[in-house]
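**Q** My structure is stored as input23.cif, with mmCIF, C-alpha atoms.
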```cif
data_upload
loop_
_atom_site.label_atom_id
_atom_site.label_comp_id
_atom_site.auth_asym_id
_atom_site.auth_seq_id
_atom_site.Cartn_x
_atom_site.Cartn_y
_atom_site.Cartn_z
CA MET A 1 64.16 126.26 108.92
CA SER A 2 61.45 127.64 111.07
CA ARG A 3 60.64 130.58 113.24
CA SER A 4 59.41 128.11 115.85
CA LEU A 5 61.90 126.08 117.87
CA GLY A 6 61.98 122.36 118.28
CA THR A 7 59.02 121.42 116.08
CA GLY A 8 58.72 117.93 114.76
CA LYS A 9 58.39 119.29 111.25
CA LEU A 10 62.09 120.10 111.21
CA VAL A 11 62.89 116.38 111.28
CA ALA A 12 61.53 116.01 107.77
CA LEU A 13 63.69 118.88 106.64
CA GLY A 14 66.72 117.33 108.28
CA GLY A 15 66.03 114.19 106.31
CA LEU A 16 66.34 116.22 103.15
CA ALA A 17 69.64 117.54 104.42
CA THR A 18 71.12 114.09 104.89
CA CYS A 19 69.72 112.68 101.65
CA ALA A 20 70.42 115.63 99.33
CA VAL A 21 72.85 115.03 96.49
CA LEU A 22 75.40 117.77 95.92
CA LEU A 23 75.04 118.33 92.20
CA VAL A 24 77.91 120.77 91.81
CA ALA A 25 80.91 120.96 94.13
CA VAL A 26 81.31 124.41 95.63
CA THR A 27 84.91 125.59 95.62
CA GLY A 28 86.16 129.13 95.81
CA THR A 29 83.77 132.02 96.43
CA VAL A 30 80.55 133.09 94.82
CA MET A 31 82.27 136.36 93.97
CA ALA A 32 84.38 134.48 91.46
CA VAL A 33 81.25 132.94 89.94
CA LEU A 34 79.04 136.00 89.97
CA GLY A 35 81.33 138.74 88.77
CA GLY A 36 79.21 141.88 88.76
CA ASP A 37 75.93 140.35 89.85
CA LEU A 38 76.33 141.31 93.48
CA GLY A 39 75.89 145.05 93.09
CA CYS A 40 77.12 146.60 96.33
CA LEU A 41 79.13 143.48 97.08
CA GLY A 42 81.37 143.89 94.08
CA GLY A 43 80.10 146.16 91.32
CA GLY A 44 77.40 145.68 88.71
CA THR A 45 73.72 146.51 88.90
CA ALA A 46 70.67 145.18 90.66
CA LEU A 47 67.91 143.58 88.69
CA ALA A 48 65.63 145.80 86.64
CA GLN A 49 62.53 143.98 87.91
CA PRO A 50 59.68 145.86 89.59
CA VAL A 51 59.60 146.15 93.37
CA SER A 52 56.22 146.47 95.03
CA THR A 53 55.55 149.25 97.47
CA THR A 54 55.20 146.69 100.26
CA ALA A 55 58.59 145.16 99.48
CA ALA A 56 60.26 148.56 99.43
CA LYS A 57 58.75 149.40 102.82
CA GLU A 58 59.36 146.09 104.56
CA ILE A 59 62.77 144.98 103.27
CA PRO A 60 65.95 146.87 104.17
CA PRO A 61 67.49 148.22 100.92
CA ALA A 62 70.77 146.36 101.28
CA ARG A 63 68.95 143.08 101.92
CA LEU A 64 66.62 143.73 98.98
CA ALA A 65 69.67 144.03 96.74
CA LEU A 66 70.90 140.65 98.02
CA TYR A 67 67.59 138.91 97.36
CA ARG A 68 67.46 140.29 93.83
CA ALA A 69 71.07 139.44 93.04
CA ALA A 70 70.71 135.89 94.42
CA GLY A 71 67.49 135.49 92.46
CA ARG A 72 69.31 136.41 89.28
CA ARG A 73 72.27 134.14 89.96
CA PHE A 74 70.20 131.04 90.71
CA ASP A 75 67.20 131.84 88.48
CA ILE A 76 64.67 131.90 91.29
CA ASP A 77 61.93 134.48 91.83
CA TRP A 78 63.49 137.05 94.15
CA SER A 79 60.14 137.96 95.74
CA PHE A 80 59.72 134.35 96.86
CA LEU A 81 63.27 134.24 98.22
CA ALA A 82 62.66 137.53 100.05
CA SER A 83 59.44 136.20 101.55
CA ILE A 84 61.29 133.15 102.86
CA GLY A 85 63.88 135.46 104.44
CA THR A 86 61.17 137.59 106.04
CA GLN A 87 59.31 134.52 107.30
CA GLU A 88 62.42 133.01 108.85
CA CYS A 89 64.08 136.06 110.36
CA GLY A 90 62.28 139.25 109.39
CA SER A 91 65.23 139.98 107.07
CA GLY A 92 67.38 140.22 110.18
CA ASN A 93 70.46 138.16 111.05
CA CYS A 94 69.21 135.61 113.63
CA ALA A 95 72.82 134.74 114.37
CA GLY A 96 73.57 131.43 116.02
CA ASP A 97 71.78 128.13 116.49
CA ASN A 98 68.05 128.64 117.03
CA GLY A 99 67.96 125.68 119.40
CA SER A 100 66.97 123.18 116.72
CA GLY A 101 70.17 123.25 114.68
CA CYS A 102 69.19 125.90 112.13
CA ALA A 103 71.02 129.22 112.05
CA GLY A 104 71.41 132.58 110.38
CA PRO A 105 69.18 134.92 108.36
CA MET A 106 67.71 132.10 106.28
CA GLN A 107 67.66 129.54 109.14
CA ILE A 108 69.69 126.91 107.28
CA ALA A 109 70.47 123.53 108.90
CA ASP A 110 73.94 123.92 110.41
CA VAL A 111 74.27 121.40 113.26
CA ARG A 112 74.66 117.69 112.66
CA GLU A 113 72.44 115.29 114.56
CA SER A 114 69.98 118.04 115.43
CA PRO A 115 66.24 118.33 114.67
CA CYS A 116 67.19 120.42 111.63
CA SER A 117 69.67 117.82 110.41
CA PRO A 118 69.19 114.36 111.95
CA GLY A 119 72.03 111.93 111.51
CA PRO A 120 75.79 112.29 111.31
CA GLY A 121 75.95 113.30 107.63
CA PRO A 122 76.77 116.77 106.30
CA THR A 123 74.23 119.50 106.97
CA LEU A 124 72.68 121.64 104.26
CA TRP A 125 75.09 124.42 105.15
CA GLU A 126 78.07 122.09 104.90
CA ARG A 127 76.88 121.00 101.46
CA PHE A 128 75.74 124.29 100.05
CA GLY A 129 77.33 127.06 102.12
CA LEU A 130 78.79 129.87 100.02
CA ASP A 131 81.19 132.76 100.49
CA ALA A 132 79.06 135.32 98.64
CA ASN A 133 80.76 138.44 99.96
CA GLY A 134 84.28 137.29 99.13
CA ASP A 135 85.74 137.64 102.64
CA GLY A 136 87.22 134.14 102.53
CA VAL A 137 84.71 132.59 104.93
CA ALA A 138 81.38 130.89 104.22
CA ASP A 139 79.38 132.08 107.23
CA VAL A 140 75.80 130.90 107.83
CA ASN A 141 75.23 134.07 109.88
CA ASP A 142 76.33 136.44 107.13
CA PRO A 143 73.35 137.84 105.17
CA ALA A 144 75.07 137.62 101.78
CA ASP A 145 76.42 134.10 102.29
CA ALA A 146 73.13 132.84 103.72
CA THR A 147 70.90 134.44 101.07
CA PHE A 148 72.87 133.02 98.16
CA ALA A 149 73.10 129.60 99.82
CA ALA A 150 69.35 129.58 100.48
CA ALA A 151 68.62 130.41 96.84
CA ARG A 152 70.80 127.50 95.78
CA ILE A 153 69.24 125.12 98.31
CA LEU A 154 65.74 126.10 97.20
CA ARG A 155 66.58 125.37 93.57
CA VAL A 156 68.66 122.19 94.01
CA VAL A 157 67.13 120.51 97.07
CA MET A 158 63.69 122.04 97.56
CA HIS A 159 62.81 122.00 93.83
CA ALA A 160 61.80 125.63 93.49
CA PRO A 161 61.14 126.35 89.81
CA ALA A 162 62.99 128.90 87.72
CA THR A 163 61.87 132.51 87.68
CA GLY A 164 58.40 132.63 86.14
CA GLY A 165 57.35 129.32 87.68
CA SER A 166 53.84 128.74 88.94
CA TYR A 167 52.36 129.71 92.28
CA ALA A 168 51.71 126.03 93.07
CA ALA A 169 55.30 125.01 92.37
CA TYR A 170 56.74 127.76 94.51
CA ARG A 171 54.28 126.96 97.28
CA GLN A 172 55.51 123.37 97.29
CA ALA A 173 59.10 124.62 97.53
CA ALA A 174 58.08 126.60 100.61
CA CYS A 175 56.61 123.42 102.11
CA ASN A 176 59.86 121.61 101.40
CA TYR A 177 61.94 124.38 102.98
CA TYR A 178 59.94 124.26 106.22
CA GLY A 179 59.58 120.49 106.23
CA ALA A 180 55.79 120.81 106.07
CA CYS A 181 53.22 123.09 104.50
CA ALA A 182 51.72 123.96 107.88
CA ASP A 183 51.60 122.84 111.48
CA GLY A 184 50.15 123.99 114.77
CA VAL A 185 52.51 126.97 114.83
CA ALA A 186 52.33 128.39 111.31
CA SER A 187 50.58 128.00 107.97
CA TYR A 188 54.07 128.36 106.62
CA ALA A 189 53.60 127.91 102.87
CA ASP A 190 50.48 130.06 102.69
CA GLU A 191 52.14 132.82 104.71
CA VAL A 192 55.20 132.76 102.45
CA MET A 193 53.18 132.87 99.27
CA ARG A 194 50.82 135.59 100.48
CA ARG A 195 53.81 137.76 101.30
CA ALA A 196 55.58 136.90 98.03
CA VAL A 197 52.54 138.12 96.10
CA SER A 198 52.58 141.36 98.09
CA TYR A 199 56.29 141.70 97.19
CA GLY A 200 55.55 141.29 93.47
CA PHE A 201 55.29 137.56 92.72
CA ARG A 202 53.17 137.05 89.60
CA GLY A 203 53.61 133.36 88.70
CA GLN A 204 50.82 131.45 87.00
CA GLY A 205 47.94 130.79 89.39
CA SER A 206 48.77 133.68 91.71
CA PRO A 207 45.83 135.40 93.39
CA PRO A 208 45.31 139.03 92.39
CA SER A 209 47.25 141.64 94.31
CA SER A 210 46.41 145.27 94.93
CA GLU A 211 50.09 146.15 95.28
CA GLY A 212 51.44 148.61 92.76
CA ASP A 213 54.97 148.43 91.42
CA LEU A 214 57.55 151.12 91.99
CA SER A 215 58.86 152.78 88.86
CA GLN A 216 62.43 152.12 89.89
CA SER A 217 65.29 151.46 87.53
CA SER A 218 68.07 149.04 88.36
CA GLY A 219 70.47 151.93 88.80
CA GLU A 220 68.17 153.62 91.31
CA THR A 221 67.76 150.39 93.23
CA GLN A 222 71.51 149.84 93.34
CA SER A 223 72.20 153.35 94.56
CA VAL A 224 69.70 153.07 97.42
CA ALA A 225 71.02 149.65 98.48
CA CYS A 226 74.66 150.69 98.52
CA GLU A 227 73.92 153.87 100.39
CA ALA A 228 71.97 152.02 103.05
CA SER A 229 74.77 149.56 103.64
CA THR A 230 77.36 152.23 104.41
CA SER A 231 75.53 155.20 105.88
CA GLY A 232 73.77 156.03 109.10
CA ALA A 233 70.06 155.55 109.66
CA SER A 234 67.29 158.06 110.14
CA GLY A 235 65.58 158.22 113.50
CA SER A 236 62.17 157.94 111.85
CA GLU A 237 63.15 154.67 110.15
CA ILE A 238 64.49 153.25 113.41
CA VAL A 239 61.24 154.14 115.14
CA ARG A 240 59.12 152.71 112.31
CA ILE A 241 60.91 149.36 112.51
CA ALA A 242 60.78 149.28 116.31
CA GLU A 243 57.03 150.00 116.25
CA SER A 244 56.51 147.14 113.80
CA GLN A 245 57.75 144.75 116.50
CA LEU A 246 55.44 145.86 119.32
CA ALA A 247 53.84 142.91 121.16
CA TYR A 248 56.29 140.39 119.65
CA SER A 249 57.28 138.00 122.44
CA GLU A 250 59.89 135.36 123.07
CA SER A 251 58.77 131.79 122.39
CA PRO A 252 58.34 129.87 124.55
CA ARG A 253 57.94 132.36 127.37
CA GLY A 254 60.93 132.34 129.67
CA SER A 255 63.26 130.93 127.01
CA ASN A 256 64.81 134.23 125.82
CA CYS A 257 64.48 132.81 122.28
CA THR A 258 63.51 135.43 119.68
CA ARG A 259 64.12 136.38 116.06
CA TYR A 260 66.66 138.96 117.22
CA GLY A 261 69.59 136.67 118.01
CA PRO A 262 70.75 133.89 120.32
CA CYS A 263 68.59 132.70 123.22
CA VAL A 264 69.93 135.10 125.84
CA GLU A 265 68.50 138.18 127.55
CA TRP A 266 67.58 140.17 124.49
CA CYS A 267 66.89 143.86 125.14
CA SER A 268 70.18 144.81 123.47
CA LEU A 269 69.76 142.23 120.70
CA PHE A 270 66.45 143.93 119.88
CA VAL A 271 68.06 147.37 119.63
CA ALA A 272 70.89 146.00 117.48
CA TRP A 273 68.38 144.22 115.22
CA VAL A 274 66.32 147.38 114.73
CA TRP A 275 69.33 149.61 114.13
CA GLU A 276 70.82 147.12 111.68
CA ARG A 277 67.58 146.83 109.70
CA ALA A 278 67.37 150.62 109.57
CA GLY A 279 70.81 150.81 107.96
CA VAL A 280 73.16 151.34 110.91
CA PRO A 281 76.42 149.63 109.84
CA LEU A 282 76.77 147.22 112.75
CA ARG A 283 79.02 144.29 111.92
CA GLY A 284 78.87 140.61 112.78
CA GLY A 285 75.12 140.24 113.30
CA THR A 286 73.38 141.04 116.58
CA ALA A 287 75.17 138.54 118.84
CA PRO A 288 78.21 140.79 119.54
CA TYR A 289 75.82 143.40 120.99
CA ALA A 290 74.00 141.17 123.49
CA TYR A 291 75.35 143.10 126.49
CA SER A 292 73.21 146.19 127.03
CA GLY A 293 76.18 148.57 127.23
CA SER A 294 77.79 147.35 124.02
CA ILE A 295 75.82 149.60 121.68
CA TYR A 296 76.77 152.63 123.78
CA GLU A 297 80.45 151.75 123.32
CA TRP A 298 79.97 150.89 119.64
CA ALA A 299 78.31 154.23 118.88
CA LYS A 300 81.06 156.09 120.71
CA ALA A 301 83.75 154.31 118.68
CA HIS A 302 82.08 154.44 115.25
CA GLY A 303 81.07 158.02 114.67
CA GLY A 304 77.88 158.08 116.70
CA ARG A 305 77.32 160.31 119.70
CA VAL A 306 76.84 159.37 123.32
CA LEU A 307 74.79 161.75 125.42
CA PRO A 308 74.52 162.23 129.19
CA PRO A 309 71.24 161.54 131.00
CA SER A 310 70.58 165.28 131.18
CA ALA A 311 70.56 165.57 127.38
CA THR A 312 67.45 165.75 125.23
CA PRO A 313 67.45 162.61 123.06
CA SER A 314 65.98 162.21 119.59
CA PRO A 315 63.61 159.53 118.28
CA GLY A 316 65.65 156.51 117.24
CA ASP A 317 68.35 157.01 119.86
CA ALA A 318 69.19 154.14 122.18
CA VAL A 319 68.46 154.83 125.86
CA PHE A 320 70.53 153.04 128.51
CA PHE A 321 69.58 152.16 132.08
CA GLY A 322 72.05 151.40 134.86
CA SER A 323 75.08 153.18 136.30
CA GLY A 324 77.22 153.20 133.15
CA PRO A 325 78.24 151.19 130.08
CA THR A 326 80.25 148.74 132.21
CA ASP A 327 77.32 148.25 134.59
CA SER A 328 74.38 148.42 132.23
CA ALA A 329 71.04 146.86 133.16
CA HIS A 330 68.79 147.52 130.16
CA VAL A 331 68.49 149.37 126.86
CA GLY A 332 65.57 150.55 124.73
CA ILE A 333 64.81 152.84 121.80
CA VAL A 334 63.44 156.37 122.16
CA GLU A 335 60.15 156.53 120.27
CA ARG A 336 58.91 160.05 121.12
CA VAL A 337 60.19 163.15 122.88
CA PHE A 338 57.67 165.68 124.19
CA ALA A 339 58.13 169.40 124.61
CA ASP A 340 58.07 169.05 128.40
CA GLY A 341 60.99 166.59 128.24
CA GLU A 342 59.01 163.37 128.78
CA ILE A 343 59.92 160.43 126.56
CA VAL A 344 58.32 157.23 125.30
CA THR A 345 60.51 154.22 124.69
CA ILE A 346 60.14 150.88 122.92
CA ASP A 347 61.93 148.14 124.84
CA GLY A 348 62.75 144.57 123.97
CA ASN A 349 62.54 141.92 126.71
CA TYR A 350 60.16 144.06 128.74
CA GLY A 351 57.99 141.41 130.37
CA ASP A 352 59.26 138.88 127.79
CA ARG A 353 57.99 140.98 124.88
CA VAL A 354 58.55 144.17 122.89
CA ALA A 355 56.62 146.87 124.72
CA ARG A 356 56.05 150.62 124.77
CA VAL A 357 56.97 152.34 128.04
CA GLY A 358 55.86 155.84 129.04
CA PRO A 359 55.56 158.68 128.61
CA PHE A 360 57.74 159.38 131.62
CA PRO A 361 60.23 162.04 132.75
CA PRO A 362 63.73 160.61 132.16
CA ALA A 363 64.63 161.26 135.80
CA GLN A 364 61.73 159.05 136.91
CA ALA A 365 62.47 156.00 134.74
CA VAL A 366 62.46 153.53 137.65
CA ARG A 367 59.13 154.81 138.95
CA HIS A 368 57.62 154.06 135.55
CA GLY A 369 58.84 150.47 135.31
CA GLU A 370 62.41 150.61 134.03
CA PRO A 371 64.95 148.53 135.99
CA ALA A 372 67.42 151.35 136.70
CA PRO A 373 67.98 155.07 136.13
CA ILE A 374 69.03 156.38 132.71
CA TYR A 375 72.80 156.78 132.43
CA GLY A 376 72.90 157.98 128.83
CA TYR A 377 71.75 157.87 125.23
CA ALA A 378 73.47 156.95 121.98
CA GLU A 379 72.78 158.35 118.54
CA PRO A 380 73.69 156.14 115.56
CA PRO A 381 76.41 157.51 113.29
CA SER A 382 75.46 159.97 110.59
CA PRO A 383 76.53 159.39 106.96
CA GLY A 384 80.24 160.01 106.64
CA ALA A 385 80.87 160.24 110.39
CA GLY A 386 84.29 159.25 111.63
CA ALA A 387 85.38 157.48 114.77
CA GLY A 388 84.92 159.13 118.13
CA GLY A 389 82.30 161.83 118.24
CA VAL A 390 81.34 162.09 121.90
CA SER A 391 78.62 164.70 122.00
CA SER A 392 78.59 167.67 124.30
CA ARG A 393 74.91 168.27 123.65
CA ALA A 394 73.02 168.78 126.90
#
```
Mind converting the file's structure to structure tokens?

**A**
Amino acid sequence: MSRSLGTGKLVALGGLATCAVLLVAVTGTVMAVLGGDLGCLGGGTALAQPVSTTAAKEIPPARLALYRAAGRRFDIDWSFLASIGTQECGSGNCAGDNGSGCAGPMQIADVRESPCSPGPGPTLWERFGLDANGDGVADVNDPADATFAAARILRVVMHAPATGGSYAAYRQAACNYYGACADGVASYADEVMRRAVSYGFRGQGSPPSSEGDLSQSSGETQSVACEASTSGASGSEIVRIAESQLAYSESPRGSNCTRYGPCVEWCSLFVAWVWERAGVPLRGGTAPYAYSGSIYEWAKAHGGRVLPPSATPSPGDAVFFGSGPTDSAHVGIVERVFADGEIVTIDGNYGDRVARVGPFPPAQAVRHGEPAPIYGYAEPPSPGAGAGGVSSRA
């Protein structure tokens, strides 16, 4: 359970996985247990607890609803749970094994005899995995399943206190989750707790926070979360999230390992991760969109619009380089469009990092460092859009 791969600290965590006692057998789905607690996932309301301005800005609305619902179900401070999720995966999906045997949005041990779970015994996911969204499958890569399972693991195995517990007790739970409080890569526990306080954590012993709370009722929170999970995203939100990732690089260099998905060439994983966090209803995590032409085809089939290279794109659109979706070399996100037609893009896996490219005239993409000419753009679907929707805009 770490953003870093292959650290020795994960061995200690794996030891917890093999020694943990399953206190309550998990049969059936969490939907049957929770009833209306899941909000968008099956009716009911989100928690009427305050959400800090920072939390509202940093956490996608649908994911925020999951953290709050899981916090209520397992009596754990949702801001702490959300901070763990942000620390591990930026509230993304992080689908697939991270190389150390942990997987999914909450980076839960999922591979036996791996650094995350040494020994042949059941992994944490095998012991505590849940089907929180009621689709009949407990999937470590599914945000709902993983978030609820992580809340349960934190309470049962990592000894997180109930909601209202002290700062010190929650900090120790963060240490337990990582397998150490800190190492040469991250001051894990301190980072988690600092972020939790910014999200609204107020347990005994917490340092003061300058964050104000949003005056947001549970009904308002629920409405925002449900809308975000089913509607299209705004270009400005896509750009904001993409800009927040600038200078992030794969680790170690040359590995193709990032927070955006499996350890493969990741320009398209980055675009999928950003679109998903902005509310674009991609399905199945980022891994299905690893090929750089896949998002072009997805947008075309799901109510988005695909545009020719002569079109004027909009901020937030995906921009594709190559000769076509079946021979696609690279993909980025349009950040700015100038009156003279020049564009600025934000690209993942550009020199092993997230980088800004341009401004450049679209017809001169290769001259300005892109690997191939632009063959098109894709707009994410608008709210209520149907299938198809090839644009004739030029």

**Q** Go through A:His159, A:Arg152, A:Arg277, A:Arg356 one by one, measure the shortest atom-to-atom distance of each to Ile238 of chain A using only C-alpha atoms, and give the residue with the smallest value.

**A**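 Residue with the minimum atom-to-atom distance to Ile238 of chain A: A:Arg277.
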
**Q** Let me know the residues the PyMOL selection byres ((chain A and resi 55-57) around 12) catches in the file above, as number ranges by chain.

**A** A: 50-54, 58-65, 67-68, 78-83, 86, 91, 195-201, 211-216, 221, 224-225, 237, 240-241, 244, 277-278

**Q** Given the file above and the PyMOL selection byres ((chain A and resi 360) around 10), which residues are selected, and can you give them as a PDB file with C-alpha atoms, in the coordinates of the input?

**A**
```
ATOM      1  CA  VAL A 337      60.190 163.150 122.880  1.00  0.00           C
ATOM      2  CA  PHE A 338      57.670 165.680 124.190  1.00  0.00           C
ATOM      3  CA  GLY A 341      60.990 166.590 128.240  1.00  0.00           C
ATOM      4  CA  GLU A 342      59.010 163.370 128.780  1.00  0.00           C
ATOM      5  CA  ILE A 343      59.920 160.430 126.560  1.00  0.00           C
ATOM      6  CA  VAL A 344      58.320 157.230 125.300  1.00  0.00           C
ATOM      7  CA  THR A 345      60.510 154.220 124.690  1.00  0.00           C
ATOM      8  CA  VAL A 357      56.970 152.340 128.040  1.00  0.00           C
ATOM      9  CA  GLY A 358      55.860 155.840 129.040  1.00  0.00           C
ATOM     10  CA  PRO A 359      55.560 158.680 128.610  1.00  0.00           C
ATOM     11  CA  PRO A 361      60.230 162.040 132.750  1.00  0.00           C
ATOM     12  CA  PRO A 362      63.730 160.610 132.160  1.00  0.00           C
ATOM     13  CA  ALA A 363      64.630 161.260 135.800  1.00  0.00           C
ATOM     14  CA  GLN A 364      61.730 159.050 136.910  1.00  0.00           C
ATOM     15  CA  ALA A 365      62.470 156.000 134.740  1.00  0.00           C
ATOM     16  CA  VAL A 366      62.460 153.530 137.650  1.00  0.00           C
ATOM     17  CA  ARG A 367      59.130 154.810 138.950  1.00  0.00           C
ATOM     18  CA  HIS A 368      57.620 154.060 135.550  1.00  0.00           C
ATOM     19  CA  GLY A 369      58.840 150.470 135.310  1.00  0.00           C
TER      20      GLY A 369
END
```

**Q** Which residues, protein or nucleic acid, reach to within 12 Å of (52.8, 127.2, 107.1) in the file's coordinates when using only C-alpha atoms, and can you give that as a PyMOL selection string?

**A** chain A and resi 1-4+9+84+87-88+171-194

**Q** With all atoms listed in the file as the atoms that count, which of A:Tyr350, A:Ala95, A:Pro373, A:Val331 lies nearest to Pro288 of chain A?

**A**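 So, comparing all the options, the nearest one is A:Ala95.
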
**Q** Go through A:Trp266, A:Tyr167, A:Tyr289, A:Phe74 and flag the residue nearest Leu154 of chain A, using only C-alpha atoms for the distances.

**A**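 For Leu154 of chain A, the nearest of the given residues is A:Phe74.
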
**Q** Could you pull out every residue with an atom within 7 Å of (68.3, 134.2, 104.4), file coordinates, counting all atoms listed in the file, and send them as a list in words?

**A**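 Taken together, the residues in range are Gly85, Gly104, Pro105, Met106, Gln107, Pro143, Ala146, Thr147 and Ala150 of chain A.
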
**Q** With C-alpha atoms kept, could you save the residues just selected as a PDB file, keeping the file's coordinate frame?

**A**
```pdb
ATOM      1  CA  GLY A  85      63.880 135.460 104.440  1.00  0.00           C
ATOM      2  CA  GLY A 104      71.410 132.580 110.380  1.00  0.00           C
ATOM      3  CA  PRO A 105      69.180 134.920 108.360  1.00  0.00           C
ATOM      4  CA  MET A 106      67.710 132.100 106.280  1.00  0.00           C
ATOM      5  CA  GLN A 107      67.660 129.540 109.140  1.00  0.00           C
ATOM      6  CA  PRO A 143      73.350 137.840 105.170  1.00  0.00           C
ATOM      7  CA  ALA A 146      73.130 132.840 103.720  1.00  0.00           C
ATOM      8  CA  THR A 147      70.900 134.440 101.070  1.00  0.00           C
ATOM      9  CA  ALA A 150      69.350 129.580 100.480  1.00  0.00           C
TER      10      ALA A 150
END
```

**Q** Find the spatial neighbours of Ser114 of chain A, counting only C-alpha atoms, within a cut-off of 8 Å - ignore same-chain residues fewer than 3 positions away - and output them as a short mmCIF file (atom, residue, chain, number, x, y, z; two decimals) with C-alpha atoms, in the frame of the given file.

**A**
```
data_model
loop_
_atom_site.label_atom_id
_atom_site.label_comp_id
_atom_site.auth_asym_id
_atom_site.auth_seq_id
_atom_site.Cartn_x
_atom_site.Cartn_y
_atom_site.Cartn_z
CA GLY A 14 66.72 117.33 108.28
CA SER A 100 66.97 123.18 116.72
CA GLY A 101 70.17 123.25 114.68
CA VAL A 111 74.27 121.40 113.26
CA SER A 117 69.67 117.82 110.41
CA PRO A 118 69.19 114.36 111.95
CA GLY A 119 72.03 111.93 111.51
#
```

**Q** Go through the shown structure with the PyMOL selection byres ((chain A and resi 260) around 7) and write out the matching residues as a list of chain:residue names.

**A** A:Cys94, A:Thr258, A:Arg259, A:Gly261, A:Leu269, A:Phe270, A:Trp273

**Q** Would you kindly return, as a list in words, each protein, DNA or RNA residue with an atom no farther than 10 Å from any atom of Tyr375 of chain A, considering all atoms listed in the file and excluding same-chain residues fewer than 4 positions away?

**A**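 Contacts, with the query itself left out: Leu307, Pro308, Pro309, Ser310, Val319, Phe320, Phe321, Gly322, Ser323, Gly324, Pro325, Asp327, Ser328, Pro362 and Ala363 of chain A.
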
**Q** Just give me the gap between atom CA of Ala290 of chain A and atom CA of Pro115 of chain A in Å, one decimal is fine.

**A**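 Distance between the two atoms: 25.7 Å.
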
**Q** Quick one, how far is atom CA of Ala372 of chain A from atom CA of Arg305 of chain A?

**A** 21.6 Å
